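One file, upload06.cif, is given below (mmCIF, C-alpha atoms and all ligand atoms).
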```
data_target
loop_
_atom_site.label_atom_id
_atom_site.label_comp_id
_atom_site.auth_asym_id
_atom_site.auth_seq_id
_atom_site.Cartn_x
_atom_site.Cartn_y
_atom_site.Cartn_z
CA MET A 6 0.00 0.00 0.00
CA LEU A 7 2.93 2.33 0.59
CA ALA A 8 4.85 1.41 -2.57
CA ASP A 9 5.79 4.38 -4.74
CA PRO A 10 3.07 4.55 -7.45
CA TYR A 11 4.50 7.51 -9.39
CA PRO A 12 6.68 7.73 -12.54
CA LYS A 13 10.33 7.68 -11.51
CA ILE A 14 13.65 8.98 -12.73
CA GLU A 15 15.83 5.90 -13.18
CA THR A 16 19.29 6.31 -11.67
CA ALA A 17 22.14 3.79 -11.80
CA HIS A 18 22.54 1.41 -8.85
CA PRO A 19 24.60 0.34 -7.06
CA VAL A 20 26.68 3.47 -6.54
CA THR A 21 30.05 2.68 -4.92
CA ASP A 22 32.17 5.82 -5.29
CA ASP A 23 33.51 8.42 -2.87
CA ILE A 24 31.89 11.84 -2.89
CA GLU A 25 32.37 15.07 -0.96
CA VAL A 26 28.79 15.72 0.22
CA CYS A 27 25.72 13.49 0.52
CA VAL A 28 22.35 15.18 1.05
CA VAL A 29 19.74 12.71 2.29
CA GLY A 30 16.22 13.77 1.32
CA THR A 31 15.33 15.92 -1.66
CA GLY A 32 12.47 18.01 -0.33
CA TYR A 33 12.84 21.77 -0.19
CA GLY A 34 15.22 21.41 2.76
CA GLY A 35 17.65 19.15 0.91
CA LEU A 36 17.37 21.21 -2.26
CA CYS A 37 18.15 24.45 -0.41
CA ALA A 38 21.15 22.88 1.32
CA ALA A 39 22.54 21.58 -1.97
CA ALA A 40 21.89 24.86 -3.79
CA ARG A 41 23.64 26.91 -1.10
CA LEU A 42 26.63 24.52 -1.19
CA VAL A 43 26.96 25.07 -4.94
CA GLU A 44 26.70 28.83 -4.42
CA ALA A 45 29.44 28.54 -1.78
CA GLY A 46 31.77 26.94 -4.31
CA ILE A 47 31.24 23.17 -3.96
CA ALA A 48 31.03 21.64 -7.43
CA SER A 49 27.66 20.01 -8.16
CA SER A 50 29.63 16.92 -9.25
CA ASP A 51 30.79 16.63 -5.60
CA ILE A 52 27.24 16.57 -4.24
CA ARG A 53 24.95 13.53 -4.20
CA LEU A 54 21.30 13.92 -3.32
CA ILE A 55 19.67 10.65 -2.39
CA ASP A 56 15.99 9.90 -1.81
CA LYS A 57 13.72 6.90 -1.51
CA ALA A 58 11.33 8.75 -3.81
CA GLY A 59 11.62 8.48 -7.57
CA ASP A 60 12.44 12.18 -8.01
CA VAL A 61 12.85 15.40 -6.05
CA GLY A 62 10.14 17.35 -4.26
CA GLY A 63 9.80 15.48 -0.96
CA THR A 64 6.38 16.33 0.41
CA TRP A 65 5.36 17.51 -3.06
CA TYR A 66 6.59 14.36 -4.76
CA TRP A 67 4.56 12.13 -2.48
CA ASN A 68 1.38 14.14 -1.90
CA ARG A 69 -0.52 14.43 -5.17
CA TYR A 70 -4.08 14.17 -3.94
CA PRO A 71 -6.72 16.26 -5.76
CA GLY A 72 -6.39 19.91 -4.91
CA ALA A 73 -3.02 19.56 -3.13
CA MET A 74 -1.57 23.05 -2.82
CA CYS A 75 0.49 25.12 -0.40
CA ASP A 76 -1.31 27.10 2.30
CA VAL A 77 1.50 29.62 2.72
CA GLU A 78 1.83 32.16 -0.10
CA SER A 79 3.93 30.75 -2.92
CA TYR A 80 6.26 33.76 -2.96
CA VAL A 81 7.12 33.03 0.65
CA TYR A 82 6.89 29.25 0.59
CA MET A 83 8.70 28.31 -2.62
CA PRO A 84 12.46 28.77 -2.10
CA LEU A 85 15.16 30.03 -4.47
CA CYS A 86 12.68 31.68 -6.85
CA GLU A 87 14.90 34.71 -7.45
CA GLU A 88 17.99 32.56 -7.86
CA ILE A 89 16.43 30.40 -10.56
CA GLY A 90 14.39 33.20 -12.12
CA TYR A 91 10.98 31.77 -11.36
CA VAL A 92 7.73 33.56 -10.58
CA PRO A 93 4.99 31.36 -9.09
CA SER A 94 1.86 31.41 -11.21
CA MET A 95 -0.60 31.43 -8.32
CA LYS A 96 -0.81 32.95 -4.86
CA TYR A 97 -1.14 29.40 -3.51
CA ALA A 98 0.61 27.08 -5.95
CA GLN A 99 -0.73 23.61 -6.63
CA GLN A 100 1.27 20.43 -6.25
CA PRO A 101 2.24 20.01 -9.93
CA GLU A 102 3.76 23.50 -9.96
CA ILE A 103 5.64 22.99 -6.70
CA TYR A 104 6.96 19.64 -7.93
CA LYS A 105 8.08 21.20 -11.23
CA HIS A 106 9.72 24.04 -9.33
CA SER A 107 11.73 21.47 -7.32
CA GLN A 108 12.93 19.91 -10.57
CA MET A 109 13.89 23.38 -11.84
CA ILE A 110 16.12 23.88 -8.80
CA MET A 111 17.86 20.56 -9.55
CA ASN A 112 18.41 21.53 -13.16
CA HIS A 113 19.52 25.08 -12.38
CA TYR A 114 22.24 23.89 -9.98
CA GLY A 115 23.20 20.83 -12.08
CA LEU A 116 22.33 18.39 -9.31
CA TYR A 117 20.68 15.58 -11.27
CA ASP A 118 23.91 13.99 -12.57
CA LYS A 119 25.02 12.53 -9.23
CA ALA A 120 21.58 12.02 -7.70
CA CYS A 121 20.21 8.67 -6.54
CA PHE A 122 16.48 8.01 -6.50
CA GLY A 123 14.46 5.03 -5.40
CA ALA A 124 17.09 4.47 -2.71
CA GLN A 125 16.26 4.59 0.98
CA VAL A 126 19.30 5.21 3.15
CA THR A 127 19.52 2.21 5.45
CA GLY A 128 22.88 2.67 7.13
CA MET A 129 25.53 5.26 7.85
CA GLU A 130 28.79 4.53 9.62
CA TRP A 131 31.70 6.84 10.35
CA GLU A 132 35.06 5.49 9.16
CA GLU A 133 37.52 7.18 11.48
CA ASP A 134 40.67 6.43 9.50
CA ALA A 135 39.29 7.64 6.17
CA GLY A 136 37.32 10.52 7.70
CA MET A 137 34.32 9.48 5.63
CA TRP A 138 30.74 8.32 6.18
CA ALA A 139 30.01 4.89 4.69
CA ILE A 140 26.44 5.01 3.41
CA THR A 141 24.25 2.11 2.33
CA SER A 142 20.83 2.12 0.70
CA SER A 143 17.93 -0.18 -0.08
CA ALA A 144 18.99 -0.09 -3.75
CA GLY A 145 22.33 -1.73 -2.96
CA ASP A 146 24.35 1.49 -2.97
CA ALA A 147 27.47 1.49 -0.79
CA PHE A 148 29.34 4.77 -1.20
CA ARG A 149 31.28 7.14 1.05
CA ALA A 150 30.84 10.85 1.70
CA ARG A 151 33.03 13.27 3.63
CA TYR A 152 30.02 15.32 4.75
CA VAL A 153 26.38 14.33 5.20
CA VAL A 154 23.37 16.65 5.31
CA MET A 155 20.31 14.96 6.80
CA ASN A 156 16.93 16.14 5.60
CA PHE A 157 14.46 13.34 6.21
CA GLY A 158 11.48 15.69 6.61
CA THR A 159 8.85 15.46 9.29
CA PHE A 160 5.82 14.11 7.42
CA THR A 161 7.25 11.30 5.32
CA GLN A 162 5.95 8.34 7.31
CA ALA A 163 2.41 7.68 6.08
CA LYS A 164 0.17 7.07 9.06
CA LEU A 165 -2.91 4.92 8.75
CA PRO A 166 -5.96 5.83 10.84
CA LYS A 167 -6.99 3.50 13.63
CA VAL A 168 -10.42 2.70 12.25
CA GLU A 169 -11.92 -0.56 13.38
CA GLY A 170 -12.10 -3.02 10.49
CA VAL A 171 -9.87 -1.01 8.18
CA ALA A 172 -7.43 -3.91 7.86
CA SER A 173 -10.14 -6.24 6.53
CA PHE A 174 -11.68 -3.69 4.14
CA GLU A 175 -11.80 -5.34 0.73
CA GLY A 176 -12.25 -2.30 -1.51
CA GLU A 177 -9.51 -0.16 -2.98
CA MET A 178 -7.63 1.65 -0.24
CA PHE A 179 -4.81 4.15 -0.48
CA HIS A 180 -3.10 6.87 1.49
CA THR A 181 -3.26 10.47 0.26
CA SER A 182 0.51 10.38 -0.18
CA ARG A 183 0.05 7.49 -2.65
CA TRP A 184 -3.07 8.73 -4.49
CA ASN A 185 -4.40 6.17 -6.96
CA TYR A 186 -5.54 8.19 -9.99
CA ASP A 187 -5.91 4.99 -12.00
CA TYR A 188 -8.79 4.23 -9.71
CA THR A 189 -10.33 7.64 -9.11
CA GLY A 190 -9.66 9.27 -12.46
CA SER A 191 -8.78 12.98 -12.68
CA ALA A 192 -5.33 14.40 -11.94
CA ALA A 193 -3.64 16.42 -9.23
CA ASN A 194 -4.20 19.77 -10.96
CA PHE A 195 -7.72 18.95 -12.11
CA PRO A 196 -9.92 21.40 -10.22
CA ARG A 197 -13.14 19.40 -10.05
CA PHE A 198 -12.15 15.97 -8.81
CA GLU A 199 -15.75 15.04 -8.04
CA ASN A 200 -16.59 15.34 -11.74
CA ALA A 201 -14.28 12.45 -12.48
CA LEU A 202 -15.94 10.35 -9.83
CA ALA A 203 -19.36 11.35 -11.16
CA ARG A 204 -18.43 9.66 -14.40
CA SER A 205 -17.95 6.44 -12.42
CA PRO A 206 -21.09 6.36 -10.27
CA GLU A 207 -20.31 2.87 -9.01
CA ARG A 208 -17.27 4.28 -7.20
CA ALA A 209 -17.12 6.38 -4.07
CA VAL A 210 -14.29 7.77 -2.02
CA CYS A 211 -14.38 7.98 1.74
CA CYS A 212 -11.65 9.96 3.49
CA ALA A 213 -10.74 8.70 6.94
CA GLY A 214 -8.90 11.19 9.10
CA VAL A 215 -9.36 14.70 10.40
CA THR A 216 -7.31 16.62 7.88
CA ALA A 217 -7.09 16.74 4.12
CA ARG A 218 -4.11 14.42 4.50
CA ALA A 219 -6.37 11.50 5.25
CA THR A 220 -6.38 7.92 4.15
CA CYS A 221 -8.90 7.28 1.41
CA THR A 222 -10.86 4.10 1.03
CA SER A 223 -13.15 3.35 -1.81
CA SER A 224 -15.53 0.67 -2.87
CA ARG A 225 -17.06 -0.35 -6.15
CA THR A 226 -20.38 -1.10 -4.52
CA SER A 227 -22.87 1.65 -3.83
CA ALA A 228 -24.01 -0.31 -0.76
CA SER A 229 -20.78 0.48 1.03
CA ARG A 230 -20.71 4.20 0.34
C1 LIG B 301 0.32 17.22 2.45
C2 LIG B 301 1.24 18.25 3.03
C3 LIG B 301 1.03 19.60 2.76
C4 LIG B 301 1.87 20.56 3.28
N1 LIG B 301 1.61 21.86 3.01
C5 LIG B 301 2.41 22.81 3.53
C6 LIG B 301 2.16 24.20 3.27
O1 LIG B 301 1.22 24.54 2.57
N2 LIG B 301 2.97 25.12 3.83
C7 LIG B 301 4.01 24.76 4.64
O2 LIG B 301 4.72 25.63 5.14
N3 LIG B 301 4.29 23.45 4.88
C8 LIG B 301 3.52 22.48 4.36
N4 LIG B 301 3.78 21.16 4.61
C9 LIG B 301 4.96 20.81 5.39
C10 LIG B 301 6.08 20.39 4.43
O3 LIG B 301 6.44 19.09 4.79
C11 LIG B 301 7.24 21.37 4.51
O4 LIG B 301 6.77 22.67 4.13
C12 LIG B 301 8.40 21.06 3.58
O5 LIG B 301 7.96 20.70 2.28
C13 LIG B 301 9.26 19.98 4.17
O6 LIG B 301 10.44 19.89 3.39
P1 LIG B 301 11.62 18.95 3.85
O7 LIG B 301 12.64 19.01 2.77
O8 LIG B 301 12.05 19.29 5.23
O9 LIG B 301 10.99 17.49 3.98
P2 LIG B 301 10.21 16.60 2.92
O10 LIG B 301 9.61 17.42 1.86
O11 LIG B 301 9.34 15.72 3.72
O12 LIG B 301 11.37 15.73 2.25
C14 LIG B 301 12.02 14.70 2.96
C15 LIG B 301 12.50 13.68 1.95
O13 LIG B 301 13.32 12.72 2.64
C16 LIG B 301 13.10 11.46 2.03
N5 LIG B 301 13.54 10.44 2.96
C17 LIG B 301 13.07 10.18 4.21
N6 LIG B 301 13.75 9.18 4.77
C18 LIG B 301 14.68 8.78 3.85
C19 LIG B 301 15.70 7.78 3.84
N7 LIG B 301 15.92 6.98 4.89
N8 LIG B 301 16.45 7.64 2.73
C20 LIG B 301 16.26 8.45 1.63
N9 LIG B 301 15.31 9.43 1.60
C21 LIG B 301 14.54 9.58 2.70
C22 LIG B 301 11.62 11.44 1.72
O14 LIG B 301 11.29 10.52 0.70
C23 LIG B 301 11.38 12.89 1.28
O15 LIG B 301 11.47 13.01 -0.11
C24 LIG B 301 2.96 20.18 4.12
C25 LIG B 301 3.17 18.81 4.40
C26 LIG B 301 2.33 17.87 3.86
C27 LIG B 301 2.57 16.41 4.17
#
```
Show the structure stored in the file as structure tokens.
Amino acid sequence: MLADPYPKIETAHPVTDDIEVCVVGTGYGGLCAAARLVEAGIASSDIRLIDKAGDVGGTWYWNRYPGAMCDVESYVYMPLCEEIGYVPSMKYAQQPEIYKHSQMIMNHYGLYDKACFGAQVTGMEWEEDAGMWAITSSAGDAFRARYVVMNFGTFTQAKLPKVEGVASFEGEMFHTSRWNYDYTGSAANFPRFENALARSPERAVCCAGVTARATCTSSRTSASR
């Protein structure tokens, strides 16, 4: 249920080299750290961003539910706009724009070449003699970095609601950070999600949870709406 359902950027694995800096996590935090390092004179070829996601964006890679958008003004929320020459198109940008903006930061600073995606960091050990961190990942990577920047984020562990019977529910069920558009139709920047569902009257979506970031369950039978 928590597998990554989105199109991914394929990167070579396993990576086994030595690199100057490893940035774990490619949300806005990791992107800002990497960008500032490049501005400070570290070559982008000496920086590896690594993420379990299939591309950059962090929160905005994972959360693609209908209507996903920032609730802080884009001009304040979206970093490095002046540096990359970008003007947000909306006061509160939607997820596709924020995701694209994250990719623009990567391209602007030349950070894609050394990046690793689809790789969850599973281990990190300090090698005293070499003065390097030995880093391993779920994709079989085993490389070393002199410096590590940790940016795991705070909302990356999908939490399922404690609803009685949820484990035995037999309909389609997915978390909002793994939205199943194959099932619901529509798309993240499609303004009227309910119209897509209206075209499939046998389907209904029930959101369980107290915020928009809820788990959604759905059934093909009208009886269980
Ligand atoms: C649905 C949603 C909406 C939000 N809306 C707003 C908003 O409108 N305004 C606002 O100010 N904030 C908002 N936030 C908070 C948001 O998380 C932060 O604003 C910001 O995007 C966090 O950036 P980050 O880089 O710190 O972390 P994240 O964006 O969470 O990135 C962390 C990255 O680390 C990766 N990672 C984690 N563990 C590992 C590992 N072991 N190995 C490799 N990679 C790993 C994850 O895959 C992820 O890509 C929202 C959060 C959510 C979930």
Can you list every residue of chain A that has an atom at most 7 Å from ligand LIG 301 (chain B), with its nearest atom pair and the distance in Å to one decimal, using all atoms listed in the file, ordered by chain then number, as CSV?
```
residue,atom,partner,partner_atom,distance
A:Val29,CA,B:LIG301,C20,5.5
A:Gly30,CA,B:LIG301,O13,3.4
A:Thr31,CA,B:LIG301,O15,5.1
A:Gly32,CA,B:LIG301,O7,3.3
A:Tyr33,CA,B:LIG301,O7,4.1
A:Gly34,CA,B:LIG301,O7,3.5
A:Gly35,CA,B:LIG301,O7,5.3
A:Ile55,CA,B:LIG301,C20,5.7
A:Asp56,CA,B:LIG301,N9,3.5
A:Lys57,CA,B:LIG301,N9,4.3
A:Ala58,CA,B:LIG301,O14,4.8
A:Val61,CA,B:LIG301,O15,6.5
A:Gly62,CA,B:LIG301,O10,6.1
A:Gly63,CA,B:LIG301,O15,3.1
A:Thr64,CA,B:LIG301,O10,3.7
A:Trp65,CA,B:LIG301,O10,6.5
A:Tyr66,CA,B:LIG301,O15,6.9
A:Asn68,CA,B:LIG301,C1,5.4
A:Ala73,CA,B:LIG301,C1,6.9
A:Met74,CA,B:LIG301,O1,6.2
A:Cys75,CA,B:LIG301,O1,3.1
A:Asp76,CA,B:LIG301,O1,3.6
A:Val77,CA,B:LIG301,N2,4.9
A:Tyr82,CA,B:LIG301,O2,6.2
A:Ala124,CA,B:LIG301,C20,5.9
A:Gln125,CA,B:LIG301,N8,3.5
A:Val126,CA,B:LIG301,N8,3.8
A:Thr127,CA,B:LIG301,N7,6.0
A:Asn156,CA,B:LIG301,C14,5.8
A:Phe157,CA,B:LIG301,O13,3.8
A:Gly158,CA,B:LIG301,O9,3.2
A:Thr159,CA,B:LIG301,O11,5.6
A:Phe160,CA,B:LIG301,C27,5.1
A:Thr161,CA,B:LIG301,O11,5.1
A:Arg218,CA,B:LIG301,C1,5.6
```
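In this model, the gap between CA of Arg69 (chain A) and CA of Leu7 (chain A) comes to 13.8 Å.
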- Message: Could you tell me how far CA of Val20 (chain A) sits from CA of Met137 (chain A), in Å to one decimal place?
- Response: 15.6 Å
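Take CA of Gln108 (chain A) and CA of Ala139 (chain A): the distance between them is 27.4 Å.
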Find the residues around Ala163 (chain A) up to 12 Å (all atoms listed in the file counted), leave out those fewer than 4 positions away in its own chain, and share them as a PDB file with C-alpha atoms, in the coordinates of the input.
```pdb
ATOM      1  CA  MET A   6       0.000   0.000   0.000  1.00  0.00           C
ATOM      2  CA  LEU A   7       2.930   2.330   0.590  1.00  0.00           C
ATOM      3  CA  ALA A   8       4.850   1.410  -2.570  1.00  0.00           C
ATOM      4  CA  ASP A   9       5.790   4.380  -4.740  1.00  0.00           C
ATOM      5  CA  THR A  64       6.380  16.330   0.410  1.00  0.00           C
ATOM      6  CA  TRP A  67       4.560  12.130  -2.480  1.00  0.00           C
ATOM      7  CA  ASN A  68       1.380  14.140  -1.900  1.00  0.00           C
ATOM      8  CA  THR A 159       8.850  15.460   9.290  1.00  0.00           C
ATOM      9  CA  PHE A 179      -4.810   4.150  -0.480  1.00  0.00           C
ATOM     10  CA  HIS A 180      -3.100   6.870   1.490  1.00  0.00           C
ATOM     11  CA  THR A 181      -3.260  10.470   0.260  1.00  0.00           C
ATOM     12  CA  SER A 182       0.510  10.380  -0.180  1.00  0.00           C
ATOM     13  CA  ARG A 183       0.050   7.490  -2.650  1.00  0.00           C
ATOM     14  CA  TRP A 184      -3.070   8.730  -4.490  1.00  0.00           C
ATOM     15  CA  ARG A 218      -4.110  14.420   4.500  1.00  0.00           C
ATOM     16  CA  ALA A 219      -6.370  11.500   5.250  1.00  0.00           C
ATOM     17  CA  THR A 220      -6.380   7.920   4.150  1.00  0.00           C
TER      18      THR A 220
END
```
- Task: Dump as an NGL selection string all residues having an atom at most 12 Å from (18.7, 6.7, -6.2), computed in the file's coordinates with only C-alpha atoms.
- Result: :A and (13-20 or 27-31 or 53-61 or 117-126 or 141-148)
With C-alpha atoms retained, export the selected residues as a tab-separated table (two decimals), in the coordinates of the input.
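Contents of result-v6.tsv, freshly written:
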```tsv
chain	number	residue	atom	x	y	z
A	13	LYS	CA	10.33	7.68	-11.51
A	14	ILE	CA	13.65	8.98	-12.73
A	15	GLU	CA	15.83	5.90	-13.18
A	16	THR	CA	19.29	6.31	-11.67
A	17	ALA	CA	22.14	3.79	-11.80
A	18	HIS	CA	22.54	1.41	-8.85
A	19	PRO	CA	24.60	0.34	-7.06
A	20	VAL	CA	26.68	3.47	-6.54
A	27	CYS	CA	25.72	13.49	0.52
A	28	VAL	CA	22.35	15.18	1.05
A	29	VAL	CA	19.74	12.71	2.29
A	30	GLY	CA	16.22	13.77	1.32
A	31	THR	CA	15.33	15.92	-1.66
A	53	ARG	CA	24.95	13.53	-4.20
A	54	LEU	CA	21.30	13.92	-3.32
A	55	ILE	CA	19.67	10.65	-2.39
A	56	ASP	CA	15.99	9.90	-1.81
A	57	LYS	CA	13.72	6.90	-1.51
A	58	ALA	CA	11.33	8.75	-3.81
A	59	GLY	CA	11.62	8.48	-7.57
A	60	ASP	CA	12.44	12.18	-8.01
A	61	VAL	CA	12.85	15.40	-6.05
A	117	TYR	CA	20.68	15.58	-11.27
A	118	ASP	CA	23.91	13.99	-12.57
A	119	LYS	CA	25.02	12.53	-9.23
A	120	ALA	CA	21.58	12.02	-7.70
A	121	CYS	CA	20.21	8.67	-6.54
A	122	PHE	CA	16.48	8.01	-6.50
A	123	GLY	CA	14.46	5.03	-5.40
A	124	ALA	CA	17.09	4.47	-2.71
A	125	GLN	CA	16.26	4.59	0.98
A	126	VAL	CA	19.30	5.21	3.15
A	141	THR	CA	24.25	2.11	2.33
A	142	SER	CA	20.83	2.12	0.70
A	143	SER	CA	17.93	-0.18	-0.08
A	144	ALA	CA	18.99	-0.09	-3.75
A	145	GLY	CA	22.33	-1.73	-2.96
A	146	ASP	CA	24.35	1.49	-2.97
A	147	ALA	CA	27.47	1.49	-0.79
A	148	PHE	CA	29.34	4.77	-1.20
```
- Item | Shortest interatomic distance to Asp22 (chain A) - which of A:Met109, A:Ile52, A:Cys212, A:Cys86, counting only C-alpha atoms | A:Ile52
- Note on the structure: Counting all atoms listed in the file, the residue among A:Glu130, A:Pro101, A:Pro93, A:Ile47 that lies closest to Gly72 (chain A) is A:Pro101
- Query: Of the candidates A:Pro12, A:Pro71, A:Gly190, A:Gly115, which one gets nearest to Gln99 (chain A) if we count only C-alpha atoms?
  - Reply: A:Pro71
- Task: May I have the protein, DNA and RNA residues with any atom at most 8 Å from the point (-4.1, 2.1, -7.9), counting all atoms listed in the file, written as a VMD selection string?
- Result: chain A and resid 10 177 179 184 to 188
I want to know what sits within 12 Å of Gly90 (chain A), based on all atoms listed in the file, with residues of the same chain fewer than 4 positions away left out; could you give that as a compact mmCIF listing (two decimals) with C-alpha atoms, keeping the file's coordinate frame?
```
# COMPACT_ATOMS: atom_id res chain seq x y z
CA PRO A 84 12.46 28.77 -2.10
CA LEU A 85 15.16 30.03 -4.47
CA CYS A 86 12.68 31.68 -6.85
CA HIS A 106 9.72 24.04 -9.33
CA MET A 109 13.89 23.38 -11.84
CA ILE A 110 16.12 23.88 -8.80
CA HIS A 113 19.52 25.08 -12.38
```
